[in-house]
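Q: Can you read through this structure? Questions will come right after.
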Amino acid sequence: MTARPLTPAQRSPGGPDRLAPVIATTALTKRYPGPVTALEDLTVAVGPGVTGLVGSNGAGKSTLIKILLGLLAPTSGTASVLGTDCAKGGTRIRMLTGYMPEHDCLPPDVTATEFVAHLGRMSGLPATAAKERAADSLRHVGLYEERYRQIGTYSTGMKQRVKLAQALVGDPRLLLLDEPTNGLDPAGRAAMLELISRIGAEFGISIVVASHLLGEIEQICDQLVAIDGGRLLRADTISSFTQASAVLLVEVDEGTEQLRAELARHGLAPVPYQKALLVALAGEATFDIVRDAVADLGLPLGRMEQRRHRLEELFREEEAPAIETTGAADVR
Amino acid sequence: MSADRERSAQTAAAGAAGAASVGGAAGSSGVIHDIGYRSYDGLRLGRAQIVRALCWHSLRSAFGIGRGIKAKIVPLLTFVIMCLPAVVDVAVIAISRSPTRQISYDTYVPQLRILVLLVFIAAQAPELVSRDLRSHCLPLYFARPIRRIDYPAAKLAAFFLACLAMIEIPLLLLYLGTITQVRGTSVIWRETRALIPGLLLGVAWALVLAGLGLLLASLSGRRAYATGAVAIFFFLTWTLATLLTQIGEHGIGPAPPGAAPSALARLAGLISPFTDLDGLRMWLGGTTPGQIPNPGHFGPLYGLMFLIFLVTGIGGLAVRYRRVGVA
């Protein structure tokens with residue numbers, strides 16, 4: 001993770017409204033004819049900084065983003081972005097906001113420079129400024145000489161970068177990124193996340209990253225908003241998510257079930273995780289109980305480590321107590 | 001304002017910190033170049049100016065400007081072919097020294113004009129609308145500080161201007177070529193008076209053709225389908241109108257000489273935008289013989305049909321883009 005020289009509060013635009021939320025929704029509901037409920041009574045306030053918007057596919061992330069951009073009218077409730085009401089001030093919001101769609105949205109037969117400069121014009125930049133900022137934002141996302149090539153010749157990773165560059169070209173206050181790591185290989189994902197994190201930390205731009213991959217989003221976010229089935233699951237800072245989640249991982253080479261029963265008898269609630277058990281840490285006493293339990297049962301202790309409970313596991317516990325396997329970092 | 005300044009001060013500081021690595025960073029794609037972020041404090045254009053920029057961009061692309069060589073072939077060729085009769089007529093006037101135009105301003109060269117416009121619209125209307133549908137980049141436009149209706153409005157304005165240029169530049173060439181070779185203000189005045197209805201009709205043509213052409217092209221993101229839809233609609237209706245007019249005029253078989261055109265001959269022109277525009281011209285007082293017989297008392301129907309074509313094209317385009325998905 002990159003160093004963050006500025007705290008979220010410092011990064012936000014100054015002035016009297018510096019602590020005002022970047023995004024605020026009240027009882028936001030969106031129903032599509034069908035009837036399909038995409039968002040249900042969503043009330044959330046998002047401060048400056050990098051915010052993760054997590055939820056499984058179809059949880060309502062994209063719908064929320066479209067409402068925030070003023071492109072979709074909510075069925076009921078209100079939403080505001082940078083202090084402007086989404087239903088009334090869509091044009092103003094879109095002037096201050098950059099949007100990176102989830103799906104492929106690039107024409108293959110123009111060069112990246114031309115395309116980004118054109119969209120810079122569409123963001124309200126005069127012609128010369130649009131060209132300069134197109135070159136700048138393409139350089140920021142790591143495309144330099146390649147920017148004179150037609151987009152059709154790009155790899156998926158490069159296309160994702162062009163999508164990010166076009167969101168950045170209008171010098172937005174807020175970036176809405178919908179699944180920015182879609183279709184990328186692990187190295188590409190890491191580079192994209194690093195880039196997003198850097199934009200948030202150094203460019204002074206607030207970012208909302210929508211993703212169904214909690215594992216990767218938690219690395220770069222200051223705050224997290226989790227939605228499921230259009231409802232708010234939880235919204236908080238990353239630290240408070242993780243503070244409550246100090247756990248002890250205990251792995252024994254055999255007799256995991258025995259140990260589980262023994263620990264449960266001592267008032268702990270171990271949760272199986274892969275081949276190991278996770279035990280919530282409640283001070284030094286927990287270590288002693290685990291040590292004694294392993295010793296009493298005479299089990300071969302393979303591993304015992306204190307670790308930060310990964311957020312995905314938190315959600316797993318809340319949503320589905322019976323954990324089978326893991327590996328994929330999906331919310332579900 | 002103070003918020004902006006503070007922000008740019010922060011980013012400028014970040015920029016200074018990262019400026020060292022600019023030089024050596026060019027090249028490979030995986031590297032993230034740390035040049036610092038420069039925020040933009042300059043002028044921002046309003047919605048109307050953005051729409052104008054989009055219109056200008058689309059107008060250029062209607063003629064393949066700012067695109068590759070291949071994109072320029074069809075518009076350039078059709079434009080040259082369209083101007084050729086005017087140039088030839090002017091040359092004939094110059095050589096024969098008889099200041100009589102062979103081509104009239106209000107119909108120009110009817111058959112050729114229709115065919116050339118058909119090719120131009122079928123090839124270039126998809127260039128303006130189908131490409132964006134195909135590459136799904138409409139969400140990028142809609143996420144900008146314009147309204148949804150602005151996109152089709154800018155495209156329509158651009159294609160209207162493109163069609164207008166195709167129709168009226170040859171007329172202006174013909175006019176300028178003629179008046180430079182005649183003497184006397186009365187002749188110039190007569191030429192100008194003849195030109196004006198031609199120009200006005202050109203506006204009507206461009207409005208109807210641009211609206212219908214873009215609407216048909218916007219039905220598909222596949223360029224071939226879009227071109228096909230435009231070509232088939234315009235060509236089929238035109239062929240049908242011409243055929244029915246001929247049947248109405250002559251019956252099936254050899255033509256009885258001097259017979260007045262039947263109601264079928266007078267009404268068949270309503271089917272096609274091209275013949276409808278011709279009928280509209282005659283109803284409004286055009287005397288040059290046209291593609292179809294003078295509609296006579298059916299004239300108002302041609303006016304009505306003109307409005308229907310106009311509303312279908314423009315209104316249809318607005319509805320089409322209200323329904324298109326955001327993402």
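The chains in the structure tokens are called A, B, ... from first to last as shown; in each chain the residues are counted from 1, and the ligands are counted from 1 in the order shown.
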Using DSSP on the backbone, list every residue of range 130-220 of chain A that comes out as helix (DSSP H, G or I), and give them as a PDB file with C-alpha atoms, in the first residue's frame.

A:
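As a result, out_12.pdb now contains:
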```
ATOM      1  CA  ALA A 130      -8.685  19.230 -23.743  1.00  0.00           C
ATOM      2  CA  LYS A 131      -5.625  18.114 -25.719  1.00  0.00           C
ATOM      3  CA  GLU A 132      -3.254  18.974 -22.884  1.00  0.00           C
ATOM      4  CA  ARG A 133      -5.332  17.286 -20.258  1.00  0.00           C
ATOM      5  CA  ALA A 134      -5.847  14.232 -22.467  1.00  0.00           C
ATOM      6  CA  ALA A 135      -2.076  13.842 -22.740  1.00  0.00           C
ATOM      7  CA  ASP A 136      -1.722  14.422 -18.992  1.00  0.00           C
ATOM      8  CA  SER A 137      -4.382  11.979 -17.906  1.00  0.00           C
ATOM      9  CA  LEU A 138      -3.160   9.292 -20.288  1.00  0.00           C
ATOM     10  CA  ARG A 139       0.290   9.730 -18.818  1.00  0.00           C
ATOM     11  CA  HIS A 140      -1.116   9.520 -15.312  1.00  0.00           C
ATOM     12  CA  GLU A 145       3.842   6.483 -26.544  1.00  0.00           C
ATOM     13  CA  GLU A 146       1.007   4.019 -26.961  1.00  0.00           C
ATOM     14  CA  ARG A 147      -1.498   6.810 -26.785  1.00  0.00           C
ATOM     15  CA  TYR A 148      -1.028   7.480 -30.486  1.00  0.00           C
ATOM     16  CA  ILE A 151      -7.535   1.691 -29.106  1.00  0.00           C
ATOM     17  CA  GLY A 152      -8.446  -1.502 -30.948  1.00  0.00           C
ATOM     18  CA  THR A 153      -4.811  -2.625 -30.716  1.00  0.00           C
ATOM     19  CA  THR A 156      -7.562  -5.220 -21.794  1.00  0.00           C
ATOM     20  CA  GLY A 157      -5.377  -3.584 -19.176  1.00  0.00           C
ATOM     21  CA  MET A 158      -4.576  -0.667 -21.452  1.00  0.00           C
ATOM     22  CA  LYS A 159      -8.237  -0.238 -22.338  1.00  0.00           C
ATOM     23  CA  GLN A 160      -9.125  -0.085 -18.649  1.00  0.00           C
ATOM     24  CA  ARG A 161      -6.526   2.654 -18.294  1.00  0.00           C
ATOM     25  CA  VAL A 162      -8.035   4.609 -21.167  1.00  0.00           C
ATOM     26  CA  LYS A 163     -11.411   4.305 -19.463  1.00  0.00           C
ATOM     27  CA  LEU A 164      -9.882   5.702 -16.300  1.00  0.00           C
ATOM     28  CA  ALA A 165      -8.133   8.476 -18.234  1.00  0.00           C
ATOM     29  CA  GLN A 166     -11.363   9.631 -19.842  1.00  0.00           C
ATOM     30  CA  ALA A 167     -12.938   9.861 -16.388  1.00  0.00           C
ATOM     31  CA  LEU A 168      -9.989  11.909 -15.194  1.00  0.00           C
ATOM     32  CA  PRO A 186      -3.555 -10.278 -11.147  1.00  0.00           C
ATOM     33  CA  ALA A 187      -0.687  -7.987 -12.103  1.00  0.00           C
ATOM     34  CA  GLY A 188      -3.068  -5.695 -13.955  1.00  0.00           C
ATOM     35  CA  ARG A 189      -5.387  -5.627 -10.950  1.00  0.00           C
ATOM     36  CA  ALA A 190      -2.579  -4.683  -8.624  1.00  0.00           C
ATOM     37  CA  ALA A 191      -1.425  -1.906 -10.962  1.00  0.00           C
ATOM     38  CA  MET A 192      -4.965  -0.562 -11.358  1.00  0.00           C
ATOM     39  CA  LEU A 193      -5.558  -0.570  -7.601  1.00  0.00           C
ATOM     40  CA  GLU A 194      -2.240   1.157  -7.010  1.00  0.00           C
ATOM     41  CA  LEU A 195      -3.222   3.754  -9.590  1.00  0.00           C
ATOM     42  CA  ILE A 196      -6.608   4.370  -7.981  1.00  0.00           C
ATOM     43  CA  SER A 197      -5.031   4.605  -4.575  1.00  0.00           C
ATOM     44  CA  ARG A 198      -2.519   7.127  -5.898  1.00  0.00           C
ATOM     45  CA  ILE A 199      -5.198   9.238  -7.567  1.00  0.00           C
ATOM     46  CA  GLY A 200      -7.059   9.323  -4.268  1.00  0.00           C
ATOM     47  CA  ALA A 201      -4.005  10.161  -2.203  1.00  0.00           C
ATOM     48  CA  GLU A 202      -2.103  12.577  -4.420  1.00  0.00           C
ATOM     49  CA  LEU A 214     -13.973  -7.186  -1.315  1.00  0.00           C
ATOM     50  CA  GLY A 215     -10.513  -8.607  -0.939  1.00  0.00           C
ATOM     51  CA  GLU A 216      -8.941  -6.210  -3.363  1.00  0.00           C
ATOM     52  CA  ILE A 217     -11.008  -3.189  -2.546  1.00  0.00           C
TER      53      ILE A 217
END
```

Q: Just the residues within 10 Å of Thr178 in chain B, please, counting only C-alpha atoms, with nothing from its chain fewer than 3 positions along; format it as an mmCIF file with C-alpha atoms, in the first residue's frame.

A:
```
data_model
loop_
_atom_site.group_PDB
_atom_site.id
_atom_site.type_symbol
_atom_site.label_atom_id
_atom_site.label_comp_id
_atom_site.auth_asym_id
_atom_site.auth_seq_id
_atom_site.Cartn_x
_atom_site.Cartn_y
_atom_site.Cartn_z
ATOM 1 C CA ALA B 86 -22.681 22.508 -61.969
ATOM 2 C CA ASP B 89 -22.758 23.630 -66.963
ATOM 3 C CA VAL B 90 -20.651 26.632 -66.028
ATOM 4 C CA ALA B 91 -17.912 25.455 -68.385
ATOM 5 C CA ILE B 93 -21.667 28.594 -70.595
ATOM 6 C CA ALA B 94 -18.086 29.853 -70.717
ATOM 7 C CA PRO B 99 -25.455 32.818 -70.800
ATOM 8 C CA THR B 100 -28.204 30.214 -70.541
ATOM 9 C CA ARG B 101 -28.076 27.748 -67.682
ATOM 10 C CA LEU B 172 -23.857 28.065 -55.143
ATOM 11 C CA LEU B 173 -21.124 26.954 -57.548
ATOM 12 C CA LEU B 174 -23.622 27.062 -60.378
ATOM 13 C CA TYR B 175 -24.830 30.491 -59.287
ATOM 14 C CA GLN B 181 -20.134 35.351 -66.874
ATOM 15 C CA VAL B 182 -23.248 37.441 -67.416
ATOM 16 C CA VAL B 187 -29.561 39.253 -65.104
ATOM 17 C CA ILE B 188 -27.766 38.889 -61.777
ATOM 18 C CA GLU B 191 -30.347 34.597 -61.196
#
```

Q: Smallest atom-to-atom distance to chain B: which of A:Leu96, A:Val54, A:Val44, A:Ile23, using only C-alpha atoms?

A: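 Among A:Leu96, A:Val54, A:Val44, A:Ile23, it is A:Leu96 that comes nearest to chain B.
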
Q: Closest to Met304 in chain A among A:Gln258, A:Thr181, A:Thr286, A:Ser56, using only C-alpha atoms?

A: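 For Met304 in chain A, the nearest of the given residues is A:Thr286.
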
Q: Can you check which residues of chain A have any atom within 8 Å of chain B? Use only C-alpha atoms and format it as an NGL selection string.

A: :A and (11-15 or 66 or 69 or 71 or 90-95 or 98-108 or 110 or 119 or 121-126 or 139-146 or 158 or 170-171 or 191 or 195 or 202-204)

Q: Taking 4 positions as the minimum chain separation for residues in the same chain, which residues sit within 6 Å of range 210-221 of chain B when counting only C-alpha atoms? Answer as a PyMOL selection string.

A: chain B and resi 125-126+129-130+133-134+159-160+206+226+230+313-314+317

Q: Do you know which residues are at most 8 Å from Glu127 in chain B counting only C-alpha atoms, after dropping those on the same chain fewer than 3 positions away, and could you put them as a ChimeraX atom specification?

A: /B:61-62,123-124,130-131,223

Q: Store the residues picked out above in a file with C-alpha atoms, as a compact mmCIF listing (two decimals), in the first residue's frame.

A:
```txt
# COMPACT_ATOMS: atom_id res chain seq x y z
CA SER B 61 -16.71 13.09 -39.23
CA ALA B 62 -19.64 13.21 -41.70
CA ALA B 123 -22.73 5.66 -45.91
CA GLN B 124 -22.37 8.62 -43.56
CA SER B 130 -23.90 3.65 -35.34
CA ARG B 131 -20.25 3.84 -34.30
CA ARG B 223 -22.69 -0.50 -39.56
```

Q: Enumerate, as a VMD selection string, the complete set of residues in range 63-269 of chain A that a backbone-based DSSP assignment places in strand (DSSP E).

A: chain A and resid 76 to 81 84 to 85 97 to 100 174 to 178 206 to 211 223 to 228 231 to 237 246 to 252

Q: What is the distance, in Å and to one decimal place, between CA of Gly290 in chain B and CA of Gly177 in chain B?

A: 23.9 Å
